[in-house]
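Just start07.tsv here, TSV, C-alpha atoms:
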```tsv
chain	number	residue	atom	x	y	z
A	1	MET	CA	2.63	31.35	-81.28
A	2	ASN	CA	4.84	34.25	-80.49
A	3	ARG	CA	5.91	35.35	-77.16
A	4	ARG	CA	7.99	37.73	-75.16
A	5	THR	CA	10.99	38.01	-72.95
A	6	VAL	CA	12.49	38.86	-69.53
A	7	VAL	CA	14.70	38.55	-66.61
A	8	LEU	CA	16.90	36.11	-64.94
A	9	GLU	CA	17.32	36.06	-61.26
A	10	LEU	CA	19.74	39.00	-61.26
A	11	GLY	CA	21.64	37.53	-58.40
A	12	ALA	CA	20.32	38.65	-55.08
A	13	ALA	CA	18.84	41.72	-56.72
A	14	LEU	CA	16.48	39.59	-58.75
A	15	ALA	CA	14.95	38.40	-55.55
A	16	CYS	CA	12.47	41.20	-55.97
A	17	LEU	CA	11.90	40.00	-59.52
A	18	LEU	CA	10.08	41.93	-62.14
A	19	LEU	CA	6.47	42.69	-62.21
A	20	SER	CA	4.95	40.98	-59.32
A	21	PRO	CA	1.25	40.19	-59.66
A	22	GLY	CA	-1.33	40.41	-56.97
A	23	CYS	CA	-4.37	38.32	-56.17
A	24	SER	CA	-7.28	39.19	-58.40
A	25	LYS	CA	-10.70	39.77	-56.98
A	26	LYS	CA	-12.98	37.61	-59.02
A	27	ASP	CA	-16.14	39.15	-57.69
A	28	GLU	CA	-15.13	42.79	-58.11
A	29	PRO	CA	-17.65	44.61	-60.34
A	30	ALA	CA	-16.59	45.30	-63.90
A	31	ARG	CA	-15.10	48.67	-64.54
A	32	GLU	CA	-17.51	51.13	-66.10
A	33	MET	CA	-16.44	52.20	-69.57
A	34	PRO	CA	-16.07	55.94	-70.02
A	35	ALA	CA	-18.86	57.34	-72.15
A	36	ALA	CA	-17.09	60.56	-73.03
A	37	ALA	CA	-15.55	61.02	-76.46
A	38	ALA	CA	-11.78	60.83	-76.78
A	39	PRO	CA	-9.88	64.15	-76.78
A	40	GLY	CA	-10.47	66.01	-80.01
A	41	GLU	CA	-13.77	64.27	-80.75
A	42	LYS	CA	-17.21	65.84	-80.69
A	43	PRO	CA	-19.62	64.75	-77.94
A	44	GLY	CA	-21.24	61.46	-78.87
A	45	ALA	CA	-18.45	60.53	-81.26
A	46	ALA	CA	-17.55	57.44	-79.23
A	47	ALA	CA	-20.89	55.89	-80.18
A	48	ASN	CA	-21.05	57.07	-83.81
A	49	ALA	CA	-17.40	57.08	-84.87
A	50	PRO	CA	-15.27	54.52	-83.01
A	51	VAL	CA	-11.72	55.54	-82.19
A	52	LYS	CA	-9.25	53.63	-84.35
A	53	LEU	CA	-6.44	51.86	-82.48
A	54	THR	CA	-3.77	49.74	-84.17
A	55	VAL	CA	-2.34	47.29	-81.65
A	56	GLY	CA	0.87	45.32	-82.13
A	57	HIS	CA	1.29	42.00	-80.33
A	58	ASP	CA	2.88	38.58	-80.53
A	59	LEU	CA	0.84	35.38	-80.23
A	60	TRP	CA	1.06	34.61	-76.55
A	61	ILE	CA	-1.25	32.95	-74.03
A	62	GLY	CA	-0.96	35.95	-71.71
A	63	TYR	CA	-2.91	38.08	-74.19
A	64	ALA	CA	-6.00	35.91	-73.74
A	65	GLY	CA	-8.03	38.86	-72.42
A	66	VAL	CA	-7.18	40.86	-75.54
A	67	PHE	CA	-8.17	38.03	-77.90
A	68	ILE	CA	-11.45	37.48	-76.05
A	69	ALA	CA	-12.27	41.20	-76.05
A	70	ASN	CA	-11.63	41.36	-79.78
A	71	GLU	CA	-13.62	38.23	-80.63
A	72	LEU	CA	-16.63	39.10	-78.47
A	73	GLY	CA	-16.85	42.69	-79.69
A	74	LEU	CA	-15.94	44.20	-76.32
A	75	PHE	CA	-13.66	46.76	-77.96
A	76	LYS	CA	-16.50	47.82	-80.25
A	77	GLN	CA	-18.82	48.11	-77.27
A	78	ALA	CA	-16.25	50.45	-75.74
A	79	GLY	CA	-16.35	52.72	-78.80
A	80	LEU	CA	-13.11	51.41	-80.31
A	81	ASP	CA	-12.14	50.11	-83.74
A	82	VAL	CA	-9.19	47.87	-82.82
A	83	GLU	CA	-6.92	46.34	-85.42
A	84	LEU	CA	-4.65	43.62	-84.03
A	85	LYS	CA	-1.33	43.30	-85.86
A	86	PRO	CA	0.75	40.20	-84.99
A	87	PHE	CA	4.55	40.30	-84.76
A	88	SER	CA	7.03	37.44	-84.36
A	89	ASN	CA	8.53	38.63	-81.08
A	90	PRO	CA	7.39	41.01	-78.31
A	91	GLY	CA	10.37	43.26	-78.93
A	92	ASP	CA	9.37	43.68	-82.58
A	93	THR	CA	6.36	45.81	-81.71
A	94	LEU	CA	8.36	48.56	-80.03
A	95	PRO	CA	10.23	50.11	-82.98
A	96	ALA	CA	6.92	50.38	-84.83
A	97	LEU	CA	5.29	51.87	-81.73
A	98	ALA	CA	8.08	54.38	-81.17
A	99	ALA	CA	7.87	55.40	-84.84
A	100	GLY	CA	4.15	56.09	-84.54
A	101	LYS	CA	3.10	53.19	-86.77
A	102	LEU	CA	1.19	51.60	-83.89
A	103	ASP	CA	-1.05	53.20	-81.29
A	104	ILE	CA	-0.44	50.49	-78.69
A	105	GLY	CA	2.13	47.74	-78.28
A	106	LEU	CA	1.83	44.66	-76.09
A	107	THR	CA	5.31	43.76	-74.88
A	108	THR	CA	7.48	42.82	-71.93
A	109	LEU	CA	8.92	45.20	-69.38
A	110	GLN	CA	12.38	43.98	-70.37
A	111	ASN	CA	11.89	45.07	-73.97
A	112	LEU	CA	10.61	48.43	-72.78
A	113	ALA	CA	13.74	48.91	-70.66
A	114	VAL	CA	16.00	47.98	-73.58
A	115	LEU	CA	14.20	50.39	-75.93
A	116	SER	CA	14.51	53.27	-73.47
A	117	GLY	CA	18.09	52.40	-72.57
A	118	ASN	CA	19.26	52.62	-76.17
A	119	GLY	CA	17.70	55.88	-77.30
A	120	ASP	CA	15.34	58.72	-76.57
A	121	THR	CA	11.75	57.48	-76.44
A	122	ASP	CA	8.53	58.40	-74.71
A	123	VAL	CA	7.11	54.86	-74.60
A	124	VAL	CA	5.70	53.82	-71.21
A	125	ALA	CA	3.74	50.91	-69.73
A	126	ILE	CA	0.24	51.99	-68.69
A	127	ALA	CA	-1.16	48.61	-67.54
A	128	LEU	CA	0.10	45.11	-66.79
A	129	ILE	CA	-1.34	42.16	-68.69
A	130	ASP	CA	0.26	39.03	-67.28
A	131	SER	CA	3.38	37.31	-65.97
A	132	SER	CA	4.77	33.98	-67.06
A	133	ASN	CA	4.78	31.28	-64.39
A	134	GLY	CA	6.04	28.31	-66.39
A	135	ALA	CA	4.84	29.26	-69.88
A	136	ASP	CA	8.42	30.15	-70.87
A	137	ALA	CA	10.96	27.39	-70.51
A	138	VAL	CA	14.16	25.65	-71.52
A	139	VAL	CA	13.24	22.35	-73.16
A	140	ALA	CA	15.87	19.68	-73.78
A	141	LYS	CA	16.20	16.34	-75.52
A	142	GLU	CA	16.35	12.96	-73.83
A	143	GLY	CA	19.53	12.53	-71.81
A	144	VAL	CA	19.66	16.19	-70.74
A	145	ALA	CA	18.13	16.16	-67.28
A	146	SER	CA	19.23	19.57	-65.98
A	147	MET	CA	20.76	22.88	-67.00
A	148	ALA	CA	24.15	21.55	-65.93
A	149	ASP	CA	23.82	18.83	-68.58
A	150	LEU	CA	23.77	21.47	-71.32
A	151	LYS	CA	27.54	21.87	-71.18
A	152	GLY	CA	28.83	21.53	-74.73
A	153	LYS	CA	25.30	21.34	-76.16
A	154	THR	CA	23.62	23.54	-78.79
A	155	VAL	CA	20.81	25.76	-77.53
A	156	ALA	CA	18.44	27.84	-79.68
A	157	LEU	CA	17.20	31.14	-78.21
A	158	THR	CA	16.60	34.78	-79.11
A	159	LEU	CA	19.58	36.92	-78.12
A	160	GLY	CA	18.57	40.05	-76.20
A	161	GLU	CA	14.99	38.90	-75.69
A	162	VAL	CA	13.20	37.57	-72.62
A	163	ASN	CA	14.01	33.96	-73.33
A	164	HIS	CA	17.69	34.92	-73.36
A	165	MET	CA	17.29	36.40	-69.89
A	166	LEU	CA	15.48	33.30	-68.69
A	167	PHE	CA	18.29	31.13	-70.02
A	168	LEU	CA	20.94	33.22	-68.26
A	169	ALA	CA	19.00	32.83	-65.02
A	170	GLY	CA	19.05	29.06	-65.44
A	171	LEU	CA	22.74	29.03	-66.26
A	172	LYS	CA	23.51	31.10	-63.19
A	173	LYS	CA	21.59	28.73	-60.95
A	174	SER	CA	23.43	25.74	-62.44
A	175	GLY	CA	26.90	27.25	-62.17
A	176	LEU	CA	27.46	27.40	-65.94
A	177	SER	CA	28.30	30.38	-68.14
A	178	THR	CA	27.51	31.16	-71.76
A	179	ASP	CA	31.00	29.92	-72.65
A	180	ASP	CA	29.90	26.43	-71.65
A	181	VAL	CA	27.18	26.16	-74.32
A	182	LYS	CA	26.77	26.75	-78.04
A	183	VAL	CA	24.07	29.36	-78.65
A	184	THR	CA	22.28	29.82	-81.95
A	185	SER	CA	19.96	32.83	-82.18
A	186	MET	CA	16.46	32.59	-83.63
A	187	SER	CA	12.94	33.59	-82.65
A	188	ALA	CA	11.27	31.69	-79.82
A	189	ASP	CA	8.85	30.11	-82.29
A	190	ASP	CA	11.66	29.05	-84.61
A	191	ALA	CA	13.63	27.74	-81.63
A	192	GLY	CA	10.68	25.60	-80.59
A	193	ALA	CA	10.24	24.32	-84.15
A	194	ALA	CA	13.96	23.57	-84.48
A	195	PHE	CA	13.87	21.56	-81.26
A	196	VAL	CA	10.80	19.57	-82.29
A	197	ALA	CA	12.53	18.85	-85.61
A	198	GLY	CA	15.58	17.52	-83.73
A	199	LYS	CA	17.95	20.20	-85.03
A	200	VAL	CA	19.16	21.44	-81.63
A	201	ASP	CA	19.81	19.87	-78.23
A	202	ALA	CA	17.69	22.40	-76.37
A	203	ALA	CA	15.59	25.50	-76.96
A	204	VAL	CA	14.38	28.42	-74.91
A	205	THR	CA	10.82	28.92	-76.07
A	206	TRP	CA	7.25	29.50	-74.96
A	207	GLU	CA	3.80	28.07	-75.35
A	208	PRO	CA	2.52	26.37	-77.42
A	209	TRP	CA	5.99	25.08	-78.33
A	210	ILE	CA	6.67	23.85	-74.81
A	211	THR	CA	3.62	21.61	-75.02
A	212	LYS	CA	4.61	20.43	-78.50
A	213	ALA	CA	8.15	19.71	-77.33
A	214	THR	CA	7.11	17.69	-74.29
A	215	LYS	CA	4.57	15.74	-76.34
A	216	GLY	CA	7.41	14.81	-78.66
A	217	GLY	CA	9.62	13.45	-75.89
A	218	GLY	CA	11.38	16.63	-74.74
A	219	ARG	CA	11.50	17.71	-71.13
A	220	VAL	CA	11.42	21.04	-69.33
A	221	ILE	CA	14.67	21.56	-67.40
A	222	PHE	CA	14.11	25.18	-66.34
A	223	SER	CA	11.15	27.54	-66.58
A	224	SER	CA	9.80	30.92	-65.57
A	225	ALA	CA	8.16	29.17	-62.60
A	226	SER	CA	11.64	29.15	-61.03
A	227	VAL	CA	11.85	32.94	-61.33
A	228	PRO	CA	8.21	33.97	-60.73
A	229	ASP	CA	6.94	37.44	-61.59
A	230	THR	CA	9.95	38.08	-63.78
A	231	ILE	CA	8.66	37.77	-67.34
A	232	MET	CA	5.82	40.26	-67.45
A	233	ASP	CA	3.82	41.88	-70.23
A	234	ALA	CA	2.29	45.32	-70.41
A	235	VAL	CA	0.21	47.69	-72.51
A	236	ALA	CA	2.71	50.20	-73.87
A	237	VAL	CA	2.00	53.56	-75.53
A	238	ARG	CA	3.83	56.76	-76.39
A	239	ARG	CA	3.26	59.52	-73.88
A	240	ALA	CA	2.22	61.79	-76.74
A	241	ARG	CA	-0.51	59.32	-77.73
A	242	LEU	CA	-1.59	58.97	-74.12
A	243	ALA	CA	-1.94	62.76	-73.83
A	244	GLU	CA	-4.00	62.92	-77.03
A	245	SER	CA	-6.22	59.88	-76.49
A	246	GLY	CA	-6.08	58.89	-72.84
A	247	ASP	CA	-9.80	58.14	-72.84
A	248	ALA	CA	-9.43	55.67	-75.72
A	249	CYS	CA	-6.52	53.98	-73.94
A	250	SER	CA	-8.63	53.74	-70.79
A	251	ARG	CA	-11.46	52.12	-72.74
A	252	PHE	CA	-8.98	49.67	-74.29
A	253	ILE	CA	-7.76	48.60	-70.85
A	254	GLY	CA	-11.34	48.34	-69.60
A	255	ALA	CA	-12.33	46.05	-72.48
A	256	ILE	CA	-9.37	43.77	-71.74
A	257	ASP	CA	-10.52	43.65	-68.12
A	258	GLN	CA	-13.92	42.48	-69.31
A	259	GLY	CA	-12.23	39.85	-71.46
A	260	VAL	CA	-10.33	38.56	-68.44
A	261	ARG	CA	-13.62	38.34	-66.53
A	262	VAL	CA	-15.05	36.16	-69.28
A	263	LEU	CA	-11.98	33.94	-69.06
A	264	ARG	CA	-12.37	33.55	-65.31
A	265	GLY	CA	-16.14	33.25	-65.22
A	266	GLU	CA	-16.86	31.38	-68.47
A	267	PRO	CA	-13.76	29.34	-69.35
A	268	ASP	CA	-15.71	27.01	-71.64
A	269	LYS	CA	-16.63	30.04	-73.72
A	270	ALA	CA	-13.19	31.66	-73.55
A	271	ILE	CA	-10.86	28.72	-74.21
A	272	PRO	CA	-12.02	28.00	-77.80
A	273	ILE	CA	-11.52	31.69	-78.61
A	274	ILE	CA	-7.96	31.62	-77.30
A	275	GLY	CA	-7.30	28.40	-79.19
A	276	LYS	CA	-8.45	30.06	-82.41
A	277	TYR	CA	-5.89	32.84	-82.06
A	278	LEU	CA	-3.06	30.55	-80.97
A	279	ASN	CA	-3.96	27.71	-83.32
A	280	ALA	CA	-4.06	25.30	-80.40
A	281	PRO	CA	-6.61	22.70	-79.24
A	282	PRO	CA	-8.62	23.40	-76.05
A	283	GLU	CA	-6.69	20.89	-73.94
A	284	ASP	CA	-3.41	22.60	-74.83
A	285	VAL	CA	-4.87	26.04	-74.06
A	286	LYS	CA	-5.89	24.84	-70.60
A	287	GLY	CA	-2.33	23.69	-69.95
A	288	MET	CA	-0.88	26.98	-71.15
A	289	LEU	CA	-3.19	28.97	-68.89
A	290	GLY	CA	-1.84	26.99	-65.95
A	291	GLY	CA	1.61	28.46	-66.61
A	292	ASP	CA	0.62	32.12	-66.80
A	293	LYS	CA	-0.89	34.72	-64.44
A	294	ILE	CA	-3.31	36.97	-66.29
A	295	TYR	CA	-4.16	40.26	-64.60
A	296	ASP	CA	-7.37	42.25	-64.30
A	297	LEU	CA	-7.77	45.85	-63.17
A	298	ALA	CA	-7.90	44.88	-59.51
A	299	ASP	CA	-4.50	43.20	-59.89
A	300	ASN	CA	-3.16	46.29	-61.60
A	301	LYS	CA	-4.23	48.51	-58.74
A	302	GLN	CA	-2.29	46.32	-56.32
A	303	LEU	CA	0.76	46.06	-58.57
A	304	PHE	CA	1.03	49.80	-59.17
A	305	GLY	CA	0.05	50.80	-55.65
A	306	THR	CA	-0.74	54.42	-54.84
A	307	ALA	CA	1.00	57.76	-55.15
A	308	GLU	CA	1.77	57.51	-51.44
A	309	LYS	CA	2.94	53.89	-51.51
A	310	ALA	CA	4.29	52.48	-54.77
A	311	GLY	CA	3.37	48.90	-55.61
A	312	PRO	CA	5.68	45.95	-56.36
A	313	VAL	CA	5.88	46.64	-60.09
A	314	TYR	CA	8.37	49.43	-59.44
A	315	ALA	CA	10.81	47.04	-57.76
A	316	SER	CA	10.26	44.59	-60.59
A	317	MET	CA	11.02	47.23	-63.20
A	318	LYS	CA	14.19	48.19	-61.35
A	319	ALA	CA	15.26	44.54	-61.42
A	320	VAL	CA	14.70	44.46	-65.18
A	321	VAL	CA	16.71	47.63	-65.72
A	322	ASP	CA	19.51	46.34	-63.49
A	323	PHE	CA	19.63	43.13	-65.47
A	324	ALA	CA	19.70	44.97	-68.80
A	325	VAL	CA	22.64	47.05	-67.56
A	326	GLU	CA	24.46	44.04	-66.11
A	327	SER	CA	24.00	42.13	-69.37
A	328	LYS	CA	25.13	45.14	-71.45
A	329	LEU	CA	21.85	45.24	-73.35
A	330	VAL	CA	21.56	49.03	-72.93
A	331	LYS	CA	23.80	52.05	-73.40
A	332	LYS	CA	22.35	53.82	-70.37
A	333	ALA	CA	20.19	52.89	-67.41
A	334	PRO	CA	16.71	54.43	-67.68
A	335	ALA	CA	15.00	55.44	-64.45
A	336	PRO	CA	12.58	52.58	-63.69
A	337	GLU	CA	9.79	54.92	-62.60
A	338	SER	CA	10.04	56.81	-65.91
A	339	LEU	CA	8.91	53.69	-67.79
A	340	LEU	CA	5.63	53.33	-65.87
A	341	ASP	CA	2.54	55.54	-66.02
A	342	PRO	CA	-0.21	54.28	-63.67
A	343	ARG	CA	-2.76	57.06	-64.09
A	344	LEU	CA	-5.32	54.90	-65.95
A	345	VAL	CA	-5.33	51.96	-63.54
A	346	ARG	CA	-4.98	53.59	-60.12
```
Hey, can you dump this file as structure tokens for me?
Amino acid sequence: MNRRTVVLELGAALACLLLSPGCSKKDEPAREMPAAAAPGEKPGAAANAPVKLTVGHDLWIGYAGVFIANELGLFKQAGLDVELKPFSNPGDTLPALAAGKLDIGLTTLQNLAVLSGNGDTDVVAIALIDSSNGADAVVAKEGVASMADLKGKTVALTLGEVNHMLFLAGLKKSGLSTDDVKVTSMSADDAGAAFVAGKVDAAVTWEPWITKATKGGGRVIFSSASVPDTIMDAVAVRRARLAESGDACSRFIGAIDQGVRVLRGEPDKAIPIIGKYLNAPPEDVKGMLGGDKIYDLADNKQLFGTAEKAGPVYASMKAVVDFAVESKLVKKAPAPESLLDPRLVR
């Protein structure tokens, strides 16, 4: 399964941490899907000619609501023809999105900040999907009990991605630096596979590889649970696409919200669907869900706040940008507020 990336504790600044989630309201009524046709369509087109959306994503537990919406036909019910295109890493979706090859990309805030900080782009986050709370981790072999024990060891991770940021956070807490370890760069999936195969001493990876690693005798020595609300995922689109098809984007978000409601209200129905997409048994899916916070629309409203009082996501995005600058991942520091567009969730 593929996954995403984000921030270390950014010293004292990372105290605010990235995207901070709010409590979801389980009993809040489902959001009504807009019946109007998308811009440029004739009245009634939403029912007779679904709007085509190509969506890039990696295979990650946090996208459970998306997988459920797709499997149960909730996108179709919303007048959408959604094609899901999997990528190996969350950052891989963004170049395709910026080039207009995708309509929507599911990715981390960190990747969005890096994209914007290294070139001119109009890609923004329009909704938050989830935040990792243990589903990203540093796993190590027997005899390595803590991050401090990694000194001189070989660690597999993805340079510049979220798992790299998580690793740096762990190093900082342990008093080590990157000079104290041997880093080999590969995707989070490949890192997990390399660890399970015994080729590296430790790996920074995500679910389901964390579960596979611990089943094979590995142990988690640091995880996103130690830096909560830091590794967060969002629905990202180009502003030009949002201006052209804001109604379709709204319906997409609404269908995900319905998928999340199925997950919360009918887990026995939802878990096998998630397992199908992630190629994982139900018991493993349950464990993965315990390490991730999945948001609905009510959570989004709290995270984004109002025009009068901005929500916690803005402080989280600033922390991500600050980290990207501090780590020299960007050429310039984008304005955090320029990377967020809350109009569809407020």
Interatomic distance, CA of Ala127 (chain A) to CA of Gly246 (chain A) (Å, one decimal):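 Computing the Euclidean distance for CA of Ala127 (chain A) and CA of Gly246 (chain A) yields 12.6 Å.
Closest approach to Met288 (chain A) among A:Val124, A:Ala140, A:Ile104, A:Ile210: A:Ile210, based on all atoms listed in the file.
Put simply, CA of Arg343 (chain A) is 16.0 Å away from CA of Asp257 (chain A).
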Between CA of Gly216 (chain A) and CA of Val144 (chain A) - distance in Å to one decimal: 14.7 Å
Closest of A:Val235, A:Met317, A:Ile274, A:Val155 to Ser250 (chain A) - atom-to-atom distances counting all atoms listed in the file: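 Looking at the shortest contact to Ser250 (chain A), the residue is A:Val235.
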Expected residue set, 12 Å radius at (2.9, 18.5, -76.5), all atoms listed in the file, as a ChimeraX atom specification: /A:139,192,196,206-220,280-281,283-285,287-288
Which of A:Lys182, A:Arg264, A:Arg241, A:Lys172 sits closest to Leu157 (chain A) [using only C-alpha atoms]: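 Ranking A:Lys182, A:Arg264, A:Arg241, A:Lys172 by distance to Leu157 (chain A), first place goes to A:Lys182.
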Selection: 6 Å around Thr107 (chain A), all atoms listed in the file, excl. self and same-chain fewer than 3 positions, as JSON, numbers by chain: {"A": [90, 233, 234]}
List every residue of region 211-294 of chain A that has an atom at most 8 Å from any atom of region 53-70 of chain A, giving for each one its closest atom pair and the distance in Å to one decimal, counting all atoms listed in the file, sorted by chain and then by ascending residue number, as JSON lines.
```
{"residue": "A:Asp233", "atom": "CA", "partner": "A:Gly62", "partner_atom": "CA", "distance": 7.8}
{"residue": "A:Ala255", "atom": "CA", "partner": "A:Ala69", "partner_atom": "CA", "distance": 6.0}
{"residue": "A:Ile256", "atom": "CA", "partner": "A:Gly65", "partner_atom": "CA", "distance": 5.1}
{"residue": "A:Asp257", "atom": "CA", "partner": "A:Gly65", "partner_atom": "CA", "distance": 6.9}
{"residue": "A:Gln258", "atom": "CA", "partner": "A:Ala69", "partner_atom": "CA", "distance": 7.1}
{"residue": "A:Gly259", "atom": "CA", "partner": "A:Gly65", "partner_atom": "CA", "distance": 4.4}
{"residue": "A:Val260", "atom": "CA", "partner": "A:Gly65", "partner_atom": "CA", "distance": 4.6}
{"residue": "A:Val262", "atom": "CA", "partner": "A:Ile68", "partner_atom": "CA", "distance": 7.8}
{"residue": "A:Leu263", "atom": "CA", "partner": "A:Gly65", "partner_atom": "CA", "distance": 7.1}
{"residue": "A:Ala270", "atom": "CA", "partner": "A:Ile68", "partner_atom": "CA", "distance": 6.6}
{"residue": "A:Ile273", "atom": "CA", "partner": "A:Ile68", "partner_atom": "CA", "distance": 6.3}
{"residue": "A:Ile274", "atom": "CA", "partner": "A:Ala64", "partner_atom": "CA", "distance": 5.9}
{"residue": "A:Tyr277", "atom": "CA", "partner": "A:Phe67", "partner_atom": "CA", "distance": 7.0}
{"residue": "A:Leu278", "atom": "CA", "partner": "A:Leu59", "partner_atom": "CA", "distance": 6.3}
{"residue": "A:Val285", "atom": "CA", "partner": "A:Ile61", "partner_atom": "CA", "distance": 7.8}
{"residue": "A:Met288", "atom": "CA", "partner": "A:Ile61", "partner_atom": "CA", "distance": 6.6}
{"residue": "A:Leu289", "atom": "CA", "partner": "A:Ile61", "partner_atom": "CA", "distance": 6.8}
{"residue": "A:Asp292", "atom": "CA", "partner": "A:Gly62", "partner_atom": "CA", "distance": 6.4}
{"residue": "A:Lys293", "atom": "CA", "partner": "A:Gly62", "partner_atom": "CA", "distance": 7.4}
{"residue": "A:Ile294", "atom": "CA", "partner": "A:Gly62", "partner_atom": "CA", "distance": 6.0}
```
